[in-house]
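See below for protein_15.cif, which holds mmCIF, C-alpha atoms.
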```cif
data_protein
#
loop_
_atom_site.group_PDB
_atom_site.id
_atom_site.type_symbol
_atom_site.label_atom_id
_atom_site.label_comp_id
_atom_site.auth_asym_id
_atom_site.auth_seq_id
_atom_site.Cartn_x
_atom_site.Cartn_y
_atom_site.Cartn_z
ATOM 1 C CA MET V 1 0.226 -10.582 28.595
ATOM 2 C CA LYS V 2 -2.635 -9.638 26.283
ATOM 3 C CA LYS V 3 -2.826 -6.231 24.637
ATOM 4 C CA GLN V 4 -5.516 -4.777 22.426
ATOM 5 C CA ILE V 5 -5.055 -2.494 19.419
ATOM 6 C CA THR V 6 -7.940 -0.071 19.810
ATOM 7 C CA HIS V 7 -6.813 2.689 17.433
ATOM 8 C CA ILE V 8 -4.672 2.910 14.304
ATOM 9 C CA SER V 9 -3.233 6.242 13.175
ATOM 10 C CA VAL V 10 -4.983 6.723 9.836
ATOM 11 C CA ILE V 11 -2.644 9.143 8.054
ATOM 12 C CA GLN V 12 0.651 7.760 9.391
ATOM 13 C CA THR V 13 -0.260 4.168 8.561
ATOM 14 C CA SER V 14 -1.430 5.191 5.100
ATOM 15 C CA LYS V 15 1.855 7.029 4.437
ATOM 16 C CA VAL V 16 3.912 3.989 5.469
ATOM 17 C CA VAL V 17 1.864 1.636 3.289
ATOM 18 C CA ALA V 18 2.043 4.042 0.330
ATOM 19 C CA LEU V 19 5.838 4.150 0.635
ATOM 20 C CA MET V 20 5.965 0.356 0.754
ATOM 21 C CA TYR V 21 3.861 0.231 -2.426
ATOM 22 C CA ALA V 22 6.235 2.734 -4.041
ATOM 23 C CA LEU V 23 9.245 0.570 -3.264
ATOM 24 C CA MET V 24 7.541 -2.634 -4.430
ATOM 25 C CA SER V 25 6.323 -1.038 -7.662
ATOM 26 C CA LEU V 26 9.812 -0.022 -8.783
ATOM 27 C CA LEU V 27 10.052 -3.438 -10.451
ATOM 28 C CA TYR V 28 7.201 -2.368 -12.750
ATOM 29 C CA THR V 29 9.145 0.752 -13.649
ATOM 30 C CA VAL V 30 12.206 -1.271 -14.658
ATOM 31 C CA ILE V 31 10.062 -3.593 -16.782
ATOM 32 C CA GLY V 32 8.326 -0.581 -18.348
ATOM 33 C CA ILE V 33 11.594 1.110 -19.251
ATOM 34 C CA PHE V 34 12.738 -2.013 -21.094
ATOM 35 C CA MET V 35 9.384 -2.316 -22.861
ATOM 36 C CA VAL V 36 9.493 1.302 -24.035
ATOM 37 C CA ALA V 37 13.126 0.999 -25.124
ATOM 38 C CA PHE V 38 12.936 -2.306 -26.982
ATOM 39 C CA CYS V 39 9.298 -2.931 -27.995
ATOM 40 C CA THR V 40 6.996 -1.443 -30.583
ATOM 41 C CA GLY V 41 3.253 -0.986 -30.948
ATOM 42 C CA PRO V 42 0.958 -2.120 -28.155
ATOM 43 C CA LEU V 43 3.792 -3.440 -26.009
ATOM 44 C CA ARG V 44 5.426 -0.019 -26.041
ATOM 45 C CA ALA V 45 2.137 1.545 -24.869
ATOM 46 C CA ALA V 46 1.923 -1.083 -22.123
ATOM 47 C CA GLY V 47 5.463 -0.124 -21.123
ATOM 48 C CA ILE V 48 4.353 3.459 -20.564
ATOM 49 C CA PHE V 49 1.581 2.130 -18.319
ATOM 50 C CA TYR V 50 4.183 0.108 -16.392
ATOM 51 C CA ILE V 51 6.315 3.218 -15.905
ATOM 52 C CA LEU V 52 3.275 4.999 -14.428
ATOM 53 C CA MET V 53 2.446 2.022 -12.189
ATOM 54 C CA PRO V 54 4.232 3.380 -9.075
ATOM 55 C CA VAL V 55 2.083 6.519 -9.125
ATOM 56 C CA ILE V 56 -1.064 4.448 -9.501
ATOM 57 C CA MET V 57 -0.080 1.944 -6.797
ATOM 58 C CA VAL V 58 0.935 4.650 -4.307
ATOM 59 C CA THR V 59 -2.290 6.593 -4.830
ATOM 60 C CA VAL V 60 -4.596 3.591 -4.640
ATOM 61 C CA GLY V 61 -2.640 2.041 -1.751
ATOM 62 C CA PHE V 62 -2.793 5.261 0.253
ATOM 63 C CA LEU V 63 -6.521 5.737 -0.326
ATOM 64 C CA PHE V 64 -7.472 2.146 0.471
ATOM 65 C CA MET V 65 -5.314 2.073 3.617
ATOM 66 C CA LEU V 66 -6.888 5.368 4.667
ATOM 67 C CA LEU V 67 -10.315 3.779 4.313
ATOM 68 C CA PHE V 68 -9.224 0.545 6.023
ATOM 69 C CA CYS V 69 -7.739 2.320 9.049
ATOM 70 C CA TRP V 70 -10.802 4.500 9.440
ATOM 71 C CA LEU V 71 -13.094 1.466 9.242
ATOM 72 C CA TYR V 72 -10.894 -0.434 11.704
ATOM 73 C CA ASN V 73 -11.123 2.417 14.208
ATOM 74 C CA VAL V 74 -14.917 2.498 13.858
ATOM 75 C CA VAL V 75 -15.297 -1.266 14.277
ATOM 76 C CA ALA V 76 -12.770 -1.389 17.134
ATOM 77 C CA GLY V 77 -14.879 1.199 18.921
ATOM 78 C CA TRP V 78 -17.902 -1.092 18.673
ATOM 79 C CA VAL V 79 -16.437 -4.508 19.464
ATOM 80 C CA GLY V 80 -12.925 -3.833 20.753
ATOM 81 C CA GLY V 81 -9.649 -4.032 18.917
ATOM 82 C CA ILE V 82 -7.505 -6.895 17.693
ATOM 83 C CA GLU V 83 -6.071 -8.749 20.651
ATOM 84 C CA VAL V 84 -2.432 -9.807 20.630
ATOM 85 C CA THR V 85 -0.271 -11.545 23.191
ATOM 86 C CA VAL V 86 3.127 -9.984 23.901
ATOM 87 C CA GLU V 87 5.980 -11.145 26.078
ATOM 88 C CA GLU V 88 9.280 -9.738 27.218
ATOM 89 C CA LYS V 89 12.409 -11.305 25.751
#
```

Take the structure in this file and express it as structure tokens.
Amino acid sequence: MKKQITHISVIQTSKVVALMYALMSLLYTVIGIFMVAFCTGPLRAAGIFYILMPVIMVTVGFLFMLLFCWLYNVVAGWVGGIEVTVEEK
């Protein structure tokens, strides 16, 4: 059976993607903490950037997904949505 995705919830999808970015970026935070604790000079400054990486990734991820979902909804209105085949298991 074929189904078509004709609309994506812009805000809800963006929130989910932003949370996924937050979880994935925690690795940067751990690396940054070690860099700030054990490095000096430019590496220490880079460590501070790494600690801030989750905020940057969440913000940028949310905004780009917001734009992507909006564009998808516009294009799907013109040409139809993505078509997928589903089956009962």

message: Given the PyMOL selection byres ((chain V and resi 49-65) around 9) and the file above, list the residues it selects as a PyMOL selection string.
response: chain V and resi 10-11+13-26+28-33+35-36+44-48+66-70

query: Separation of CA of Thr85 (chain V) and CA of Gln4 (chain V), in Å?
result: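 So the two atoms, CA of Thr85 (chain V) and CA of Gln4 (chain V), lie 8.6 Å apart.
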
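Closest approach to Gly81 (chain V) from the set V:Met1, V:His7, V:Cys39, V:Gln12 is made by V:His7, with distances taken over all atoms listed in the file.
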
task: State, in Å with one decimal place, the distance from CA of Val74 (chain V) to CA of Ser9 (chain V).
output: 12.3 Å

task: Mind giving me the straight-line distance from CA of Ala76 (chain V) to CA of Lys2 (chain V) in Å, one decimal?
output: 16.0 Å

With 6 Å of padding per side, what axis-aligned box (centre and edge lengths, Å, one decimal) covers all the listed atoms of region 19-34 of chain V? Give it as lines of an AutoDock Vina configuration file.
```
center_x = 8.3
center_y = 0.3
center_z = -10.2
size_x = 20.9
size_y = 19.7
size_z = 33.8
```

query: So, counting all atoms listed in the file, which residue among V:Tyr72, V:Ile82, V:Pro42, V:Lys89 is closest to Ile5 (chain V)?
result: V:Ile82
